[in-house]
Structures are given as structure tokens and as C-alpha cells.
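Everything below belongs to my_file.json, which stores JSON, C-alpha atoms.
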[["chain", "number", "residue", "atom", "x", "y", "z"],
["A", 1, "MET", "CA", 0.00, 0.00, 0.00],
["A", 2, "THR", "CA", 1.40, 3.40, -0.96],
["A", 3, "GLU", "CA", 1.43, 6.49, 1.20],
["A", 4, "LYS", "CA", -1.04, 9.24, 0.40],
["A", 5, "THR", "CA", 0.34, 12.52, -0.84],
["A", 6, "THR", "CA", -0.62, 16.01, 0.23],
["A", 7, "GLY", "CA", -4.06, 16.88, -1.07],
["A", 8, "SER", "CA", -5.25, 13.35, -0.47],
["A", 9, "LYS", "CA", -8.96, 12.58, -0.53],
["A", 10, "MET", "CA", -8.38, 11.04, 2.90],
["A", 11, "PRO", "CA", -7.05, 13.90, 5.05],
["A", 12, "PHE", "CA", -7.24, 11.86, 8.26],
["A", 13, "ASP", "CA", -5.07, 8.96, 7.05],
["A", 14, "LYS", "CA", -2.25, 10.04, 9.37],
["A", 15, "CYS", "CA", -4.63, 10.04, 12.36],
["A", 16, "ILE", "CA", -6.10, 6.59, 11.77],
["A", 17, "PRO", "CA", -3.80, 3.64, 12.49],
["A", 18, "PRO", "CA", -3.18, 1.30, 9.52],
["A", 19, "GLU", "CA", -4.69, -1.60, 11.46],
["A", 20, "ALA", "CA", -7.93, 0.33, 11.94],
["A", 21, "ARG", "CA", -8.07, 1.19, 8.22],
["A", 22, "GLU", "CA", -7.65, -2.48, 7.37],
["A", 23, "HIS", "CA", -10.49, -3.42, 9.72],
["A", 24, "PHE", "CA", -12.74, -0.77, 8.15],
["A", 25, "ARG", "CA", -11.89, -2.08, 4.66],
["A", 26, "ALA", "CA", -12.67, -5.62, 5.77],
["A", 27, "ALA", "CA", -15.95, -4.41, 7.29],
["A", 28, "ARG", "CA", -16.90, -2.67, 4.04],
["A", 29, "LYS", "CA", -16.15, -5.86, 2.09],
["A", 30, "GLU", "CA", -18.28, -7.91, 4.47],
["A", 31, "ILE", "CA", -21.15, -5.43, 4.19],
["A", 32, "HIS", "CA", -21.02, -5.61, 0.40],
["A", 33, "GLN", "CA", -21.00, -9.40, 0.55],
["A", 34, "SER", "CA", -23.97, -9.37, 2.89],
["A", 35, "VAL", "CA", -25.95, -7.21, 0.47],
["A", 36, "GLU", "CA", -25.00, -9.51, -2.40],
["A", 37, "ALA", "CA", -26.17, -12.52, -0.46],
["A", 38, "PHE", "CA", -29.41, -10.63, 0.41],
["A", 39, "LEU", "CA", -30.89, -12.56, 3.22],
["A", 40, "PRO", "CA", -29.83, -16.15, 2.56],
["A", 41, "PRO", "CA", -28.06, -17.88, 5.46],
["A", 42, "GLU", "CA", -24.76, -16.21, 4.49],
["A", 43, "PHE", "CA", -26.27, -12.80, 5.24],
["A", 44, "ALA", "CA", -26.18, -13.28, 8.99],
["A", 45, "GLU", "CA", -22.58, -14.53, 8.86],
["A", 46, "HIS", "CA", -21.36, -11.55, 6.83],
["A", 47, "ARG", "CA", -23.28, -9.09, 9.01],
["A", 48, "HIS", "CA", -21.69, -10.66, 12.07],
["A", 49, "ASN", "CA", -18.21, -10.48, 10.51],
["A", 50, "ALA", "CA", -18.74, -6.84, 9.48],
["A", 51, "ARG", "CA", -19.82, -5.85, 12.96],
["A", 52, "LYS", "CA", -16.79, -7.62, 14.41],
["A", 53, "GLU", "CA", -14.42, -5.83, 12.00],
["A", 54, "VAL", "CA", -15.91, -2.44, 12.91],
["A", 55, "LEU", "CA", -15.46, -3.19, 16.60],
["A", 56, "LEU", "CA", -11.87, -4.32, 15.99],
["A", 57, "ALA", "CA", -11.20, -1.09, 14.10],
["A", 58, "TRP", "CA", -12.57, 0.97, 16.96],
["A", 59, "ARG", "CA", -10.52, -1.03, 19.46],
["A", 60, "SER", "CA", -7.42, -0.36, 17.38],
["A", 61, "MET", "CA", -8.19, 3.36, 17.30],
["A", 62, "ILE", "CA", -8.76, 3.42, 21.07],
["A", 63, "ASP", "CA", -5.49, 1.53, 21.66],
["A", 64, "GLN", "CA", -3.64, 4.01, 19.43],
["A", 65, "THR", "CA", -5.14, 6.94, 21.32],
["A", 66, "LEU", "CA", -4.19, 5.44, 24.67],
["A", 67, "GLN", "CA", -0.61, 4.93, 23.44],
["A", 68, "GLN", "CA", -0.44, 8.54, 22.31],
["A", 69, "MET", "CA", -1.78, 9.70, 25.67],
["A", 70, "GLU", "CA", 0.85, 7.63, 27.47],
["A", 71, "LYS", "CA", 3.63, 9.13, 25.35],
["A", 72, "THR", "CA", 2.53, 12.67, 26.20],
["A", 73, "THR", "CA", 2.24, 11.98, 29.93],
["A", 74, "HIS", "CA", 5.59, 10.22, 30.34]]

Transcribe the structure of this file into C-alpha cells.
Amino acid sequence: MTEKTTGSKMPFDKCIPPEAREHFRAARKEIHQSVEAFLPPEFAEHRHNARKEVLLAWRSMIDQTLQQMEKTTH
């Protein structure tokens, strides 16, 4: 994956940890797959996986924020 240049469409890329971005991408993929499956048994599985990926992304962002807070207090 290449680094974004100045003027990027994603101005917050530097603020969001790469791990969180990957989880959000995985969540988006799972959401698209769930729509494609449109309510067959796979729908519930993809919805579950998407929710999990979003939660993992948030956890990663919280962990990153806590690390930054620790750096500034020590």
C-alpha cells in the first residue's frame, strides 16, 4: 500500500492507524458481501463479521489513542 500525498482525498489517514483502516476495509467488504447474499443464510454470517471488524477497528483506534496519551504523559 502506498502512502497518500498532500491533497489526499483522505485527510485523516495520518490520524487513523493502519490496522484500523484495514479493519474498516474488511468491514466494508463484508457489508457488500452481505448485500449480495441478500438474506440467505450467508447474510447473517457476513453481518456478524462486518460488525466484528468495525469493533476491531474501533478497538485499534482506542489503543492508538491510549498509546499517544501515554507518550505525552511520560

| Distance query range 58-64 of chain A at most 10 Å, only C-alpha atoms, self and fewer than 5 positions along chain excluded, as a count of residues only | 13

| Quick one, how far is CA of Gln67 in chain A from CA of His48 in chain A? |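 Spanning CA of Gln67 in chain A to CA of His48 in chain A is a straight-line distance of 28.6 Å.
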
| request: Would you work out the distance separating CA of Gln33 in chain A from CA of Met10 in chain A, expressed in Å to one decimal? | output: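 Going from CA of Gln33 in chain A over to CA of Met10 in chain A covers 24.1 Å.
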
| query | How many Å separate CA of Val54 in chain A from CA of Ser34 in chain A? | reply |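 Between these atoms lies a distance of 14.6 Å.
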
| message | Tell me which residues come within 8 Å of (-18.6, -12.9, 4.0), as number ranges by chain, counting all atoms listed in the file in the file's coordinates. | response | A: 29-31, 33-34, 42-43, 45-47, 49

| task | Between A:Leu55, A:Ala44, A:Leu66, A:Ala50, single out the one closest to Ala27 in chain A, counting all atoms listed in the file. | result |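 Using all atoms listed in the file, the shortest distance to Ala27 in chain A belongs to A:Ala50.
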
Return as lines of an AutoDock Vina configuration file the centre and edge lengths, in Å with one decimal, of the box along x, y and z that encloses every atom of range 29-37 of chain A in the file, padded by 3 Å per side.
center_x = -21.2
center_y = -9.0
center_z = 1.0
size_x = 16.0
size_y = 13.1
size_z = 12.9

Coordinate excerpt as a PDB file, in the first residue's frame: range 22-36 of chain A, N, CA and C atoms:
ATOM      1  N   GLU A  22      -7.463  -1.130   7.907  1.00  0.00           N
ATOM      2  CA  GLU A  22      -7.646  -2.484   7.368  1.00  0.00           C
ATOM      3  C   GLU A  22      -8.942  -3.110   7.880  1.00  0.00           C
ATOM      4  N   HIS A  23      -9.250  -2.888   9.160  1.00  0.00           N
ATOM      5  CA  HIS A  23     -10.494  -3.422   9.717  1.00  0.00           C
ATOM      6  C   HIS A  23     -11.709  -2.767   9.059  1.00  0.00           C
ATOM      7  N   PHE A  24     -11.633  -1.453   8.819  1.00  0.00           N
ATOM      8  CA  PHE A  24     -12.739  -0.774   8.149  1.00  0.00           C
ATOM      9  C   PHE A  24     -12.909  -1.277   6.722  1.00  0.00           C
ATOM     10  N   ARG A  25     -11.797  -1.527   6.024  1.00  0.00           N
ATOM     11  CA  ARG A  25     -11.886  -2.082   4.663  1.00  0.00           C
ATOM     12  C   ARG A  25     -12.519  -3.471   4.691  1.00  0.00           C
ATOM     13  N   ALA A  26     -12.098  -4.277   5.655  1.00  0.00           N
ATOM     14  CA  ALA A  26     -12.669  -5.619   5.772  1.00  0.00           C
ATOM     15  C   ALA A  26     -14.158  -5.538   6.100  1.00  0.00           C
ATOM     16  N   ALA A  27     -14.533  -4.578   6.942  1.00  0.00           N
ATOM     17  CA  ALA A  27     -15.945  -4.405   7.288  1.00  0.00           C
ATOM     18  C   ALA A  27     -16.747  -4.011   6.053  1.00  0.00           C
ATOM     19  N   ARG A  28     -16.214  -3.090   5.260  1.00  0.00           N
ATOM     20  CA  ARG A  28     -16.901  -2.670   4.039  1.00  0.00           C
ATOM     21  C   ARG A  28     -17.094  -3.857   3.095  1.00  0.00           C
ATOM     22  N   LYS A  29     -16.055  -4.674   2.953  1.00  0.00           N
ATOM     23  CA  LYS A  29     -16.146  -5.857   2.095  1.00  0.00           C
ATOM     24  C   LYS A  29     -17.236  -6.795   2.597  1.00  0.00           C
ATOM     25  N   GLU A  30     -17.269  -7.029   3.899  1.00  0.00           N
ATOM     26  CA  GLU A  30     -18.279  -7.912   4.473  1.00  0.00           C
ATOM     27  C   GLU A  30     -19.688  -7.347   4.271  1.00  0.00           C
ATOM     28  N   ILE A  31     -19.841  -6.046   4.404  1.00  0.00           N
ATOM     29  CA  ILE A  31     -21.152  -5.425   4.194  1.00  0.00           C
ATOM     30  C   ILE A  31     -21.590  -5.630   2.746  1.00  0.00           C
ATOM     31  N   HIS A  32     -20.684  -5.406   1.813  1.00  0.00           N
ATOM     32  CA  HIS A  32     -21.020  -5.613   0.398  1.00  0.00           C
ATOM     33  C   HIS A  32     -21.404  -7.066   0.140  1.00  0.00           C
ATOM     34  N   GLN A  33     -20.672  -7.984   0.731  1.00  0.00           N
ATOM     35  CA  GLN A  33     -20.999  -9.398   0.547  1.00  0.00           C
ATOM     36  C   GLN A  33     -22.359  -9.728   1.152  1.00  0.00           C
ATOM     37  N   SER A  34     -22.682  -9.096   2.271  1.00  0.00           N
ATOM     38  CA  SER A  34     -23.975  -9.374   2.891  1.00  0.00           C
ATOM     39  C   SER A  34     -25.115  -8.862   2.022  1.00  0.00           C
ATOM     40  N   VAL A  35     -24.914  -7.724   1.365  1.00  0.00           N
ATOM     41  CA  VAL A  35     -25.946  -7.212   0.473  1.00  0.00           C
ATOM     42  C   VAL A  35     -26.090  -8.126  -0.744  1.00  0.00           C
ATOM     43  N   GLU A  36     -24.958  -8.594  -1.258  1.00  0.00           N
ATOM     44  CA  GLU A  36     -25.000  -9.507  -2.399  1.00  0.00           C
ATOM     45  C   GLU A  36     -25.736 -10.796  -2.048  1.00  0.00           C
TER      46      GLU A  36
END
